[in-house]
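Participant: This is work24.txt, which holds compact mmCIF, C-alpha atoms and all ligand atoms:
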# COMPACT_ATOMS: atom_id res chain seq x y z
CA MET V 29 13.42 17.92 -15.61
CA ASN V 30 10.56 20.26 -14.69
CA HIS V 31 7.53 19.57 -16.82
CA SER V 32 5.22 22.04 -15.19
CA ARG V 33 4.23 25.04 -17.25
CA SER V 34 3.61 28.56 -16.14
CA ALA V 35 -0.06 29.59 -16.11
CA GLY V 36 0.58 31.77 -19.20
CA ASN V 37 1.37 28.94 -21.65
CA ARG V 38 -1.01 26.29 -20.30
CA PRO V 39 -3.46 24.83 -22.79
CA PRO V 40 -7.07 25.95 -22.25
CA LEU V 41 -9.29 23.64 -20.21
CA LEU V 42 -11.47 21.07 -21.92
CA LYS V 43 -14.44 22.61 -20.15
CA GLU V 44 -16.94 19.93 -21.14
CA LEU V 45 -14.75 17.28 -19.46
CA ALA V 46 -13.58 19.16 -16.35
CA PHE V 47 -15.13 17.96 -13.08
CA PRO V 48 -16.98 20.54 -11.00
CA GLU V 49 -15.78 18.89 -7.75
CA PRO V 50 -12.39 17.28 -7.09
CA ILE V 51 -12.08 13.57 -7.79
CA PHE V 52 -9.47 12.12 -5.44
CA VAL V 53 -7.35 9.04 -5.87
CA THR V 54 -9.57 7.24 -3.39
CA ARG V 55 -12.45 7.83 -1.02
CA ALA V 56 -12.53 6.11 2.36
CA LEU V 57 -14.96 3.24 2.74
CA VAL V 58 -17.01 3.83 5.89
CA PRO V 59 -19.51 1.74 7.89
CA SER V 60 -23.12 2.84 8.24
CA PHE V 61 -23.89 5.10 11.18
CA HIS V 62 -26.51 2.58 12.24
CA SER V 63 -23.99 -0.28 12.51
CA LEU V 64 -21.74 1.84 14.71
CA GLN V 65 -24.38 2.94 17.16
CA ALA V 66 -24.60 -0.16 19.36
CA PRO V 67 -20.85 -0.76 19.75
CA LEU V 68 -20.12 2.91 20.39
CA LYS V 69 -22.90 3.08 22.95
CA ASN V 70 -21.45 0.01 24.64
CA ILE V 71 -17.93 1.45 24.69
CA LEU V 72 -19.21 4.69 26.21
CA LYS V 73 -21.23 2.73 28.76
CA THR V 74 -18.46 0.38 29.86
CA ARG V 75 -15.79 3.09 29.52
CA ARG V 76 -13.36 0.47 28.37
CA LEU V 77 -11.59 2.53 25.73
CA THR V 78 -8.29 0.80 25.08
CA ASN V 79 -5.67 -1.74 26.30
CA GLU V 80 -6.85 -4.94 24.62
CA GLY V 81 -10.54 -4.50 25.27
CA GLU V 82 -13.41 -6.61 23.96
CA TYR V 83 -13.52 -5.07 20.48
CA VAL V 84 -9.78 -5.29 19.85
CA LEU V 85 -9.79 -8.97 20.80
CA ARG V 86 -12.80 -9.61 18.56
CA LEU V 87 -11.21 -7.75 15.68
CA GLU V 88 -8.01 -9.79 16.04
CA LYS V 89 -9.96 -13.04 15.82
CA THR V 90 -11.97 -11.81 12.84
CA ILE V 91 -8.93 -10.54 10.95
CA ALA V 92 -7.10 -13.83 11.55
CA GLN V 93 -10.04 -15.76 10.08
CA HIS V 94 -10.26 -13.37 7.17
CA LEU V 95 -6.56 -13.77 6.37
CA GLY V 96 -6.41 -17.52 6.91
CA ALA V 97 -4.07 -17.12 9.90
CA SER V 98 -4.27 -18.74 13.32
CA ARG V 99 -3.76 -15.41 15.09
CA SER V 100 -3.45 -11.72 14.28
CA LEU V 101 -2.26 -8.72 16.26
CA VAL V 102 -3.72 -5.30 15.56
CA PHE V 103 -1.91 -1.98 15.96
CA CYS V 104 -2.58 1.74 15.93
CA ASN V 105 -1.05 1.89 12.43
CA GLY V 106 0.72 -0.32 9.91
CA THR V 107 4.07 1.45 10.19
CA LEU V 108 4.51 0.58 13.88
CA ALA V 109 3.37 -2.99 13.20
CA LEU V 110 6.15 -3.34 10.63
CA GLN V 111 8.69 -1.64 12.85
CA LEU V 112 7.91 -4.07 15.67
CA ALA V 113 8.07 -7.05 13.31
CA ILE V 114 11.71 -6.17 12.62
CA LEU V 115 12.41 -5.74 16.32
CA GLY V 116 10.47 -8.91 17.15
CA TYR V 117 12.81 -10.99 14.97
CA ARG V 118 15.86 -9.16 16.40
CA LEU V 119 17.07 -8.36 12.90
CA THR V 120 20.39 -6.56 12.45
CA GLY V 121 22.87 -5.35 9.85
CA GLU V 122 21.17 -4.98 6.48
CA ILE V 123 17.67 -5.65 5.18
CA ILE V 124 17.05 -5.92 1.46
CA THR V 125 13.95 -4.08 0.34
CA THR V 126 12.37 -2.33 -2.61
CA PRO V 127 12.79 1.35 -3.47
CA PHE V 128 9.38 1.37 -5.21
CA THR V 129 7.19 1.73 -2.13
CA PHE V 130 5.82 4.20 0.36
CA SER V 131 8.54 5.76 2.53
CA ALA V 132 7.29 3.82 5.60
CA THR V 133 8.88 0.60 4.28
CA ALA V 134 12.39 2.03 4.28
CA HIS V 135 11.81 4.09 7.43
CA VAL V 136 10.97 1.09 9.62
CA ILE V 137 14.33 -0.46 8.70
CA GLN V 138 16.20 2.75 9.46
CA TRP V 139 14.31 3.26 12.75
CA ASN V 140 15.70 -0.11 13.83
CA ASN V 141 19.26 1.13 13.08
CA ILE V 142 19.50 -1.31 10.19
CA THR V 143 20.72 -0.33 6.72
CA PRO V 144 18.10 -0.61 3.97
CA VAL V 145 19.57 -2.12 0.82
CA PHE V 146 17.54 -1.44 -2.30
CA ALA V 147 16.97 -4.17 -4.88
CA ASP V 148 15.62 -3.60 -8.36
CA VAL V 149 12.06 -4.59 -9.26
CA ASP V 150 10.45 -6.73 -11.91
CA PRO V 151 9.44 -4.56 -14.89
CA LEU V 152 6.02 -6.21 -15.18
CA THR V 153 4.78 -6.74 -11.61
CA PHE V 154 6.72 -3.79 -10.08
CA ASN V 155 7.65 -6.13 -7.19
CA MET V 156 11.14 -7.01 -5.96
CA ASP V 157 13.09 -9.13 -8.41
CA PRO V 158 14.42 -12.26 -6.61
CA ALA V 159 17.58 -12.31 -8.75
CA SER V 160 18.34 -8.73 -7.79
CA ILE V 161 17.77 -9.63 -4.11
CA GLU V 162 20.23 -12.50 -4.32
CA ARG V 163 22.97 -10.33 -5.82
CA LEU V 164 22.78 -7.96 -2.83
CA ILE V 165 23.10 -10.53 -0.03
CA THR V 166 26.15 -10.04 2.18
CA ARG V 167 27.24 -11.45 5.53
CA ARG V 168 25.38 -8.55 7.19
CA THR V 169 22.02 -9.33 5.56
CA SER V 170 19.44 -10.55 8.06
CA ALA V 171 16.15 -10.32 6.15
CA ILE V 172 14.17 -9.47 3.04
CA LEU V 173 11.39 -6.92 3.45
CA ALA V 174 9.30 -7.26 0.31
CA VAL V 175 6.19 -5.28 -0.64
CA HIS V 176 3.18 -6.68 -2.49
CA VAL V 177 2.95 -3.46 -4.49
CA PHE V 178 -0.64 -2.31 -5.15
CA GLY V 179 -1.69 -5.71 -3.76
CA VAL V 180 -0.07 -7.78 -6.53
CA PRO V 181 1.79 -10.59 -4.74
CA CYS V 182 5.55 -10.89 -4.96
CA ASP V 183 7.08 -14.01 -6.44
CA VAL V 184 6.72 -15.60 -3.00
CA ARG V 185 8.14 -19.01 -3.95
CA ARG V 186 11.35 -17.65 -5.44
CA ILE V 187 11.82 -15.20 -2.58
CA GLN V 188 11.37 -18.09 -0.15
CA ARG V 189 13.98 -20.16 -1.98
CA VAL V 190 16.50 -17.30 -1.86
CA ALA V 191 15.80 -16.71 1.84
CA ALA V 192 16.13 -20.40 2.68
CA ARG V 193 19.45 -20.66 0.83
CA TYR V 194 20.98 -17.87 2.97
CA GLY V 195 19.04 -18.33 6.23
CA LEU V 196 17.20 -15.00 5.97
CA LYS V 197 13.84 -13.97 7.42
CA VAL V 198 11.16 -12.83 4.98
CA ILE V 199 8.79 -10.10 6.09
CA TYR V 200 6.06 -8.93 3.75
CA ASP V 201 4.82 -5.37 3.73
CA ALA V 202 1.31 -6.36 2.68
CA ALA V 203 -0.07 -2.86 3.34
CA HIS V 204 -2.04 -3.02 0.06
CA ALA V 205 -2.85 -6.73 0.06
CA PHE V 206 -5.79 -7.30 2.42
CA GLY V 207 -7.82 -10.18 1.03
CA VAL V 208 -5.36 -11.00 -1.77
CA GLU V 209 -4.91 -14.63 -2.76
CA THR V 210 -2.12 -16.27 -4.70
CA LEU V 211 -1.25 -19.86 -5.61
CA GLY V 212 -4.63 -20.96 -4.25
CA THR V 213 -4.24 -19.48 -0.77
CA GLN V 214 -4.20 -16.25 1.22
CA VAL V 215 -1.13 -14.10 0.62
CA ALA V 216 -0.85 -13.78 4.41
CA ARG V 217 0.35 -17.39 4.59
CA PHE V 218 3.73 -16.65 3.02
CA GLY V 219 6.86 -15.43 4.77
CA ASP V 220 7.78 -15.15 8.44
CA ALA V 221 5.35 -12.26 8.98
CA SER V 222 3.03 -9.99 6.98
CA MET V 223 1.81 -6.52 7.81
CA PHE V 224 -1.55 -5.21 6.56
CA SER V 225 -2.34 -1.49 6.74
CA PHE V 226 -5.79 -0.36 7.86
CA HIS V 227 -5.21 3.32 7.06
CA ALA V 228 -8.25 5.34 5.95
CA THR V 229 -7.09 5.08 2.33
CA LYS V 230 -7.21 1.28 2.37
CA MET V 231 -10.32 -0.64 1.35
CA PHE V 232 -10.61 -2.17 4.80
CA ASN V 233 -9.70 0.49 7.33
CA THR V 234 -9.89 1.26 11.02
CA LEU V 235 -9.32 5.02 10.46
CA GLU V 236 -5.64 4.38 11.20
CA GLY V 237 -4.46 0.88 12.00
CA GLY V 238 -2.68 -2.24 10.92
CA ALA V 239 -2.22 -5.93 11.63
CA LEU V 240 0.53 -8.50 11.77
CA VAL V 241 0.20 -12.20 11.10
CA SER V 242 2.89 -14.84 11.38
CA PRO V 243 3.19 -18.61 11.62
CA ASP V 244 5.65 -18.08 14.52
CA LYS V 245 3.73 -18.07 17.82
CA ALA V 246 6.70 -17.05 19.98
CA PHE V 247 7.38 -14.11 17.67
CA LEU V 248 3.76 -12.92 17.96
CA ASP V 249 3.97 -13.21 21.76
CA ARG V 250 7.11 -11.06 21.78
CA VAL V 251 5.58 -8.46 19.48
CA ALA V 252 2.38 -8.37 21.55
CA ARG V 253 4.51 -7.42 24.58
CA MET V 254 6.47 -4.83 22.59
CA ARG V 255 3.22 -3.26 21.41
CA ASN V 256 2.30 -2.56 25.04
CA PHE V 257 5.48 -0.96 26.47
CA GLY V 258 7.12 -4.39 26.88
CA PHE V 259 4.70 -5.52 29.62
CA GLY V 260 4.50 -9.28 30.10
CA ASN V 261 1.71 -11.32 31.68
CA GLU V 262 2.94 -10.61 35.19
CA GLY V 263 2.65 -6.87 34.62
CA GLU V 264 6.39 -6.35 34.53
CA VAL V 265 8.36 -4.77 31.72
CA GLU V 266 10.18 -7.71 30.17
CA THR V 267 11.46 -6.17 26.96
CA LEU V 268 11.88 -2.95 25.04
CA GLY V 269 8.44 -1.74 24.06
CA ILE V 270 6.42 1.13 22.72
CA ASN V 271 2.77 2.13 22.66
CA ALA V 272 1.40 0.74 19.38
CA LYS V 273 -2.04 -0.37 20.60
CA MET V 274 -5.25 0.01 18.69
CA ASN V 275 -8.14 1.52 20.68
CA GLU V 276 -11.69 0.25 21.09
CA PHE V 277 -13.31 2.83 18.80
CA GLN V 278 -11.03 1.85 15.94
CA ALA V 279 -11.67 -1.85 16.49
CA ALA V 280 -15.46 -1.41 16.69
CA TYR V 281 -15.33 0.70 13.53
CA GLY V 282 -13.35 -2.04 11.76
CA LEU V 283 -15.79 -4.76 12.85
CA SER V 284 -18.70 -2.70 11.49
CA LEU V 285 -16.90 -2.04 8.22
CA LEU V 286 -15.72 -5.55 7.41
CA PRO V 287 -19.08 -6.80 6.05
CA ARG V 288 -18.94 -4.00 3.45
CA VAL V 289 -15.55 -4.98 2.04
CA ALA V 290 -16.68 -7.81 -0.27
CA GLY V 291 -19.26 -5.57 -2.00
CA GLU V 292 -16.69 -2.79 -2.32
CA ALA V 293 -14.26 -5.22 -3.96
CA VAL V 294 -16.90 -6.14 -6.56
CA ARG V 295 -17.60 -2.47 -7.33
CA ARG V 296 -13.88 -1.73 -7.61
CA ALA V 297 -13.39 -4.67 -9.95
CA ARG V 298 -16.07 -3.13 -12.17
CA CYS V 299 -14.27 0.24 -12.09
CA TYR V 300 -10.91 -1.40 -12.84
CA ALA V 301 -12.39 -3.30 -15.82
CA ARG V 302 -13.98 -0.09 -17.14
CA TYR V 303 -10.67 1.75 -17.06
CA ARG V 304 -8.97 -1.12 -18.89
CA GLN V 305 -11.67 -1.21 -21.52
CA ARG V 306 -11.81 2.56 -22.08
CA LEU V 307 -8.05 2.98 -22.14
CA SER V 308 -7.38 -0.01 -24.37
CA SER V 309 -7.29 2.15 -27.51
CA VAL V 310 -4.93 4.74 -26.00
CA PRO V 311 -1.36 4.14 -27.20
CA GLY V 312 1.46 4.15 -24.66
CA ILE V 313 -0.62 3.32 -21.57
CA GLU V 314 0.64 0.19 -19.83
CA TYR V 315 -0.51 -1.78 -16.78
CA GLN V 316 0.92 -3.67 -13.85
CA HIS V 317 0.91 -7.37 -14.69
CA ILE V 318 -1.45 -9.38 -12.49
CA PRO V 319 -0.42 -13.06 -12.64
CA PRO V 320 -3.28 -15.44 -13.53
CA HIS V 321 -3.26 -17.28 -10.18
CA VAL V 322 -3.97 -14.08 -8.25
CA VAL V 323 -7.27 -12.93 -6.67
CA LEU V 324 -6.89 -9.19 -6.25
CA PRO V 325 -9.34 -6.85 -4.54
CA HIS V 326 -8.20 -3.68 -6.31
CA GLN V 327 -6.88 -1.01 -3.98
CA TYR V 328 -5.27 1.06 -6.74
CA MET V 329 -5.56 1.77 -10.47
CA PRO V 330 -1.92 2.16 -11.52
CA ILE V 331 -0.98 2.96 -15.10
CA LEU V 332 2.40 3.54 -16.72
CA VAL V 333 2.63 6.46 -19.11
CA GLY V 334 5.04 5.21 -21.78
CA PRO V 335 6.82 7.17 -24.55
CA ALA V 336 4.23 6.15 -27.17
CA TYR V 337 1.59 8.15 -25.28
CA GLY V 338 3.03 11.40 -26.64
CA ILE V 339 3.31 13.50 -23.49
CA THR V 340 5.07 12.75 -20.21
CA ARG V 341 3.54 11.38 -17.02
CA ASP V 342 4.07 14.77 -15.37
CA GLU V 343 2.28 16.57 -18.19
CA LEU V 344 -0.67 14.17 -17.91
CA PHE V 345 -0.64 14.53 -14.10
CA GLU V 346 -0.85 18.30 -14.36
CA PHE V 347 -3.48 18.16 -17.11
CA LEU V 348 -5.69 15.90 -14.96
CA HIS V 349 -5.23 18.12 -11.90
CA ARG V 350 -6.37 21.13 -13.86
CA HIS V 351 -9.53 19.21 -14.72
CA ASN V 352 -10.05 18.40 -11.02
CA VAL V 353 -8.80 14.79 -11.22
CA TYR V 354 -6.31 14.20 -8.41
CA ALA V 355 -4.36 11.20 -9.66
CA ARG V 356 -1.25 10.43 -7.59
CA LYS V 357 2.35 9.51 -8.36
CA TYR V 358 2.55 6.47 -6.08
CA PHE V 359 5.55 5.87 -5.78
CA TYR V 360 7.63 8.77 -7.01
CA PRO V 361 10.27 9.58 -6.04
CA LEU V 362 11.76 6.20 -5.18
CA CYS V 363 12.83 5.74 -1.56
CA SER V 364 16.40 5.39 -2.87
CA ALA V 365 16.17 8.92 -4.31
CA MET V 366 15.01 10.49 -1.03
CA PRO V 367 17.62 12.70 0.71
CA ILE V 368 17.96 10.35 3.71
CA TYR V 369 18.62 7.25 1.57
CA ARG V 370 20.28 8.46 -1.61
CA GLN V 371 23.83 8.31 -0.22
CA LEU V 372 23.54 4.53 0.25
CA SER V 373 25.57 2.54 -2.29
CA SER V 374 22.51 0.46 -3.25
CA SER V 375 20.69 3.69 -4.16
CA ASN V 376 22.86 4.14 -7.25
CA PRO V 377 20.32 4.54 -10.09
CA ASP V 378 22.47 2.30 -12.33
CA ASN V 379 21.51 -0.64 -10.08
CA LEU V 380 17.79 0.19 -10.13
CA PRO V 381 16.89 0.73 -13.81
CA ASN V 382 13.44 -0.90 -13.68
CA ALA V 383 12.45 0.87 -10.48
CA HIS V 384 13.46 4.23 -11.97
CA ARG V 385 11.62 3.61 -15.22
CA ILE V 386 8.42 2.62 -13.39
CA SER V 387 8.62 5.44 -10.86
CA GLU V 388 9.04 8.03 -13.63
CA ARG V 389 6.01 6.69 -15.54
CA ILE V 390 3.61 5.65 -12.77
CA LEU V 391 0.28 7.31 -12.16
CA CYS V 392 -2.51 6.00 -9.91
CA LEU V 393 -5.93 7.00 -11.19
CA PRO V 394 -8.97 7.47 -8.92
CA LEU V 395 -10.48 4.17 -7.80
CA TYR V 396 -13.21 3.54 -5.24
CA GLY V 397 -16.49 1.69 -5.27
CA ASP V 398 -18.86 4.61 -5.57
CA LEU V 399 -16.90 6.30 -8.35
CA PRO V 400 -19.53 6.35 -11.11
CA LEU V 401 -18.63 4.55 -14.34
CA LYS V 402 -19.55 7.76 -16.16
CA ALA V 403 -16.83 9.57 -14.22
CA ILE V 404 -14.33 6.90 -15.27
CA ASP V 405 -15.40 7.37 -18.90
CA ARG V 406 -14.77 11.07 -18.54
CA ILE V 407 -11.33 10.56 -16.94
CA CYS V 408 -10.43 8.16 -19.78
CA GLU V 409 -11.59 10.69 -22.34
CA LEU V 410 -9.37 13.30 -20.69
CA ILE V 411 -6.46 10.84 -20.88
CA ARG V 412 -7.24 10.08 -24.53
CA ARG V 413 -7.36 13.74 -25.52
CA ALA V 414 -4.53 15.05 -23.33
CA PRO V 415 -1.59 14.41 -25.73
CA SER V 416 -2.99 16.24 -28.74
CA HIS V 417 -4.42 18.99 -26.55
CA VAL V 418 -1.20 19.60 -24.63
CA ARG V 419 1.02 19.35 -27.72
CA SER V 420 -1.10 21.66 -29.85
CA SER V 421 -0.98 24.51 -27.33
N1 LIG H 501 3.79 0.26 3.47
C1 LIG H 501 3.21 0.64 2.34
C2 LIG H 501 3.57 -0.04 1.07
C3 LIG H 501 2.25 1.67 2.35
O1 LIG H 501 1.66 2.07 1.20
C4 LIG H 501 1.92 2.28 3.58
C5 LIG H 501 0.94 3.35 3.62
C6 LIG H 501 2.55 1.82 4.75
C7 LIG H 501 3.49 0.80 4.65
C8 LIG H 501 2.26 2.38 6.09
O2 LIG H 501 0.97 1.99 6.57
P1 LIG H 501 0.20 2.98 7.62
O3 LIG H 501 1.15 3.27 8.74
O4 LIG H 501 -0.24 4.20 6.88
O5 LIG H 501 -0.95 2.13 8.09
C9 LIG H 501 -1.43 7.53 2.00
C10 LIG H 501 -1.57 6.90 3.36
O6 LIG H 501 -1.42 7.83 4.42
C11 LIG H 501 -0.67 5.75 3.60
O7 LIG H 501 -1.32 4.93 4.58
C12 LIG H 501 -0.46 4.90 2.36
N2 LIG H 501 0.48 3.83 2.55
C13 LIG H 501 0.04 5.78 1.23
C14 LIG H 501 0.27 5.00 -0.04
O8 LIG H 501 -0.95 6.75 0.95
P2 LIG H 501 -1.28 10.02 1.24
O9 LIG H 501 -0.41 11.10 1.75
O10 LIG H 501 -1.28 9.75 -0.20
O11 LIG H 501 -2.79 10.20 1.73
P3 LIG H 501 -3.79 11.41 1.48
O12 LIG H 501 -4.12 12.00 2.81
O13 LIG H 501 -3.27 12.32 0.43
O14 LIG H 501 -5.07 10.63 0.96
C15 LIG H 501 -5.25 10.26 -0.38
C16 LIG H 501 -6.72 10.38 -0.71
O15 LIG H 501 -7.49 9.50 0.06
C17 LIG H 501 -7.30 11.77 -0.41
O16 LIG H 501 -7.09 12.62 -1.49
C18 LIG H 501 -8.77 11.47 -0.17
C19 LIG H 501 -8.76 10.06 0.39
N3 LIG H 501 -8.91 10.08 1.85
C20 LIG H 501 -7.81 10.31 2.63
C21 LIG H 501 -7.95 10.36 4.00
C22 LIG H 501 -6.74 10.62 4.88
C23 LIG H 501 -10.15 9.87 2.40
O17 LIG H 501 -11.14 9.65 1.68
N4 LIG H 501 -10.29 9.91 3.76
C24 LIG H 501 -9.24 10.14 4.60
O18 LIG H 501 -9.40 10.17 5.83
O19 LIG H 501 -0.77 8.75 2.06
Could you quickly redo this structure as structure tokens?
Facilitator:
Amino acid sequence: MNHSRSAGNRPPLLKELAFPEPIFVTRALVPSFHSLQAPLKNILKTRRLTNEGEYVLRLEKTIAQHLGASRSLVFCNGTLALQLAILGYRLTGEIITTPFTFSATAHVIQWNNITPVFADVDPLTFNMDPASIERLITRRTSAILAVHVFGVPCDVRRIQRVAARYGLKVIYDAAHAFGVETLGTQVARFGDASMFSFHATKMFNTLEGGALVSPDKAFLDRVARMRNFGFGNEGEVETLGINAKMNEFQAAYGLSLLPRVAGEAVRRARCYARYRQRLSSVPGIEYQHIPPHVVLPHQYMPILVGPAYGITRDELFEFLHRHNVYARKYFYPLCSAMPIYRQLSSSNPDNLPNAHRISERILCLPLYGDLPLKAIDRICELIRRAPSHVRSS
């Protein structure tokens, strides 16, 4: 169904609420210029630019501490980190994953010549439903690739029980979950490996980048070799590899940014609470459930636009755009509806009712620490007035 209207029958703008400048879904957190000066000067002086230099090694130690892991590996982006995690465990056949995610999750499976199998999601947390996972396990299944969607942790205990029963690996796409805690510990401690994205749009970023953590030391050694063309300690190519290294500028940038993350999380929590408060009287707006044992630095402000709201998600999306608010439909369409995956038998919409319902209603509103509370009030007022305004035109 196409909900967009031609310019001729669009409702007039609510001029008093329209933003003069675009408000994007997020705004990259950056370090101060001052904090970057010394490391950049040092990099330029030593001319050590890449290949596991001083700053990359320091960042790996710091990230490991931050995530409660004994070791971390950093990469030029999160997608390659995840792709190498699959290769590092020599997975084959089929991997069960979620359709409600960024395309990278499904792509890394396909790039490894493995068939992604899509499981339905929980209607409240938007994360993979362990019962749905279990129904899809076949003799070809080698792993579960689960996503902590918008940072909200999966049901890690139930997923672990399912995996243990069938001897499967569990890899978490924790792209959104840097600093998240669940069940009294870091989310990075669950599963056989977790990938964190450090893309510019993430609260902690290294421009582009990502990290892997795992309790399996031999696995991390293998992946470290794969990240660098397969070179081993003796300088010989021991395994299939690729170039997935992070460079020294990125690592120095990340080290300078990390001290800012805690303050950013506090500011985002304030923004999140303001949205919840201001939208509480708007019928039909629903939220992702955050279980009580979870500590969540908010990376996203997802809402579901339900039928009681009065207009569709797409109508609200367009209305906000016209008022210069660039909310995003993360994640629509589902991976299972994308041309390269929709022919798979698990992509049948009848098997994915919750994922379809969420994907058709989801909207991520702008969220970043220096978004003024007054701007949030104005966005909420636009959301409050949109149904009557759109319907009356
Ligand atoms: N798994 C999951 C579940 C993921 O969500 C992702 C990435 C991955 C794996 C893969 O990790 P990486 O390989 O990326 O490390 C973005 C990001 O490119 C992508 O990293 C992210 N997920 C995905 C959810 O969103 P776009 O196309 O929405 O980004 P873009 O360029 O439209 O940016 C959104 C807004 O962010 C802009 O309107 C303004 C702001 N922004 C953006 C950039 C690039 C900045 O302020 N500065 C910037 O440099 O994909």
Participant: What residues of the protein or nucleic acid chains come within 7 Å of ligand LIG 501 (chain H) when you use all atoms listed in the file? Reply as a ChimeraX atom specification.
Facilitator: /V:52-56,105-108,129-130,132-133,175,177,201-204,225-229,235-238,358
Participant: Could you tell me how far atom CA of Met274 of chain V lies from atom CA of Ile142 of chain V, in Å and to one decimal?
Facilitator: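 These two atoms are separated by 26.2 Å.
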Participant: Would you mind listing what lies within 8 Å of Pro39 of chain V as a ChimeraX atom specification, with all atoms listed in the file counted and same-chain residues fewer than 2 positions away left out?
Facilitator: /V:37,41,417-418,421
Participant: Just how far from atom CA of Pro335 of chain V is atom CA of Glu409 of chain V, in Å to one decimal?
Facilitator: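 Between atom CA of Glu409 of chain V and atom CA of Pro335 of chain V the gap works out to 18.9 Å.
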Participant: Quick one: everything within 10 Å of Arg118 of chain V, counting all atoms listed in the file, minus sequence neighbours fewer than 3 positions away in the same chain. Send it as a list of chain:residue names.
Facilitator: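 Surrounding residues, per the criterion: V:Leu112, V:Ala113, V:Ile114, V:Leu115, V:Asn140, V:Ser170, V:Phe247.
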Participant: Restricting the calculation to all atoms listed in the file: of V:Arg304, V:Arg217, V:Lys273, V:Lys73, which residue gets closest to Val102 of chain V?
Facilitator: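 Between V:Arg304, V:Arg217, V:Lys273, V:Lys73, the residue approaching Val102 of chain V most closely is V:Lys273.
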Participant: Could you check how far atom CA of Val333 of chain V sits from atom CA of Ile411 of chain V, in Å to one decimal?
Facilitator: 10.2 Å
Participant: Quick one: residues within 10 Å of Leu211 of chain V, all atoms listed in the file counted, chain neighbours fewer than 2 positions away excluded, as an NGL selection string?
Facilitator: :V and (181 or 184-185 or 209 or 213-215 or 319-323)
Participant: List every protein, DNA or RNA residue with an atom no more than 12 Å from (21.6, -19.4, 6.7) in the file's coordinates, counting only C-alpha atoms, and format the result as an mmCIF file with C-alpha atoms, in the coordinates of the input.
Facilitator:
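Just written: out.cif:
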data_model
loop_
_atom_site.group_PDB
_atom_site.id
_atom_site.type_symbol
_atom_site.label_atom_id
_atom_site.label_comp_id
_atom_site.auth_asym_id
_atom_site.auth_seq_id
_atom_site.Cartn_x
_atom_site.Cartn_y
_atom_site.Cartn_z
ATOM 1 C CA ILE V 165 23.100 -10.530 -0.030
ATOM 2 C CA THR V 166 26.150 -10.040 2.180
ATOM 3 C CA ARG V 167 27.240 -11.450 5.530
ATOM 4 C CA ARG V 168 25.380 -8.550 7.190
ATOM 5 C CA THR V 169 22.020 -9.330 5.560
ATOM 6 C CA SER V 170 19.440 -10.550 8.060
ATOM 7 C CA ALA V 171 16.150 -10.320 6.150
ATOM 8 C CA ARG V 189 13.980 -20.160 -1.980
ATOM 9 C CA VAL V 190 16.500 -17.300 -1.860
ATOM 10 C CA ALA V 191 15.800 -16.710 1.840
ATOM 11 C CA ALA V 192 16.130 -20.400 2.680
ATOM 12 C CA ARG V 193 19.450 -20.660 0.830
ATOM 13 C CA TYR V 194 20.980 -17.870 2.970
ATOM 14 C CA GLY V 195 19.040 -18.330 6.230
ATOM 15 C CA LEU V 196 17.200 -15.000 5.970
ATOM 16 C CA LYS V 197 13.840 -13.970 7.420
#
Participant: Can you list, as a list in words, every protein, DNA or RNA residue that comes within 9 Å of Tyr360 of chain V when you count all atoms listed in the file, leaving out same-chain residues fewer than 2 positions away?
Facilitator: Phe128, Thr129, Phe130, Lys357, Tyr358, Leu362, Cys363, Ala365, His384, Ile386, Ser387, Glu388, Arg389 and Ile390 of chain V
Participant: Identify which of the residues V:Leu391, V:Arg413, V:Ala216, V:Ala293 lies closest to Gly96 of chain V, counting all atoms listed in the file when measuring atom-to-atom distances.
Facilitator: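 Closest to Gly96 of chain V of all the choices is V:Ala216.
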Participant: Determine, counting only C-alpha atoms, which protein, DNA and RNA residues have an atom within 7 Å of an atom of Ser375 of chain V; residues of the same chain fewer than 3 positions away are not included. Present the result as a PyMOL selection string.
Facilitator: chain V and resi 146+364-365+370-372
Participant: Pick out the closest residue to Ala403 of chain V from this set: V:Val353, V:Val180, V:Ala92, V:Ala279. Count all atoms listed in the file.
Facilitator: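 For Ala403 of chain V, the nearest of the candidates is V:Val353.
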Participant: Between V:Arg186, V:Arg419, V:Leu283, V:Pro367, single out the one closest to Leu344 of chain V, counting all atoms listed in the file.
Facilitator: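 Closest candidate: V:Arg419.
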Participant: Counting all atoms listed in the file, figure out which residue out of V:Ala414, V:Cys182, V:Ala383, V:Ile124 gets nearest to Tyr337 of chain V.
Facilitator: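 Using all atoms listed in the file, Tyr337 of chain V sits closest to V:Ala414.
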Participant: Which residue, V:Phe347, V:Phe206, V:Phe154, V:Phe232, has the smallest gap to Ser284 of chain V when you use all atoms listed in the file?
Facilitator: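 Counting all atoms listed in the file, the residue closest to Ser284 of chain V is V:Phe232.
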Participant: Residues proximal to (-8.8, 7.0, -19.3) were defined as those with any atom within 9 Å of that point in the file's coordinates, counting all atoms listed in the file. Which are they, as a compact mmCIF listing (two decimals) with C-alpha atoms, in the frame of the given file?
Facilitator:
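Written output follows (result-v4.txt):
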# COMPACT_ATOMS: atom_id res chain seq x y z
CA TYR V 303 -10.67 1.75 -17.06
CA ARG V 304 -8.97 -1.12 -18.89
CA GLN V 305 -11.67 -1.21 -21.52
CA ARG V 306 -11.81 2.56 -22.08
CA LEU V 307 -8.05 2.98 -22.14
CA SER V 308 -7.38 -0.01 -24.37
CA VAL V 310 -4.93 4.74 -26.00
CA LEU V 393 -5.93 7.00 -11.19
CA ILE V 404 -14.33 6.90 -15.27
CA ASP V 405 -15.40 7.37 -18.90
CA ARG V 406 -14.77 11.07 -18.54
CA ILE V 407 -11.33 10.56 -16.94
CA CYS V 408 -10.43 8.16 -19.78
CA GLU V 409 -11.59 10.69 -22.34
CA LEU V 410 -9.37 13.30 -20.69
CA ILE V 411 -6.46 10.84 -20.88
CA ARG V 412 -7.24 10.08 -24.53
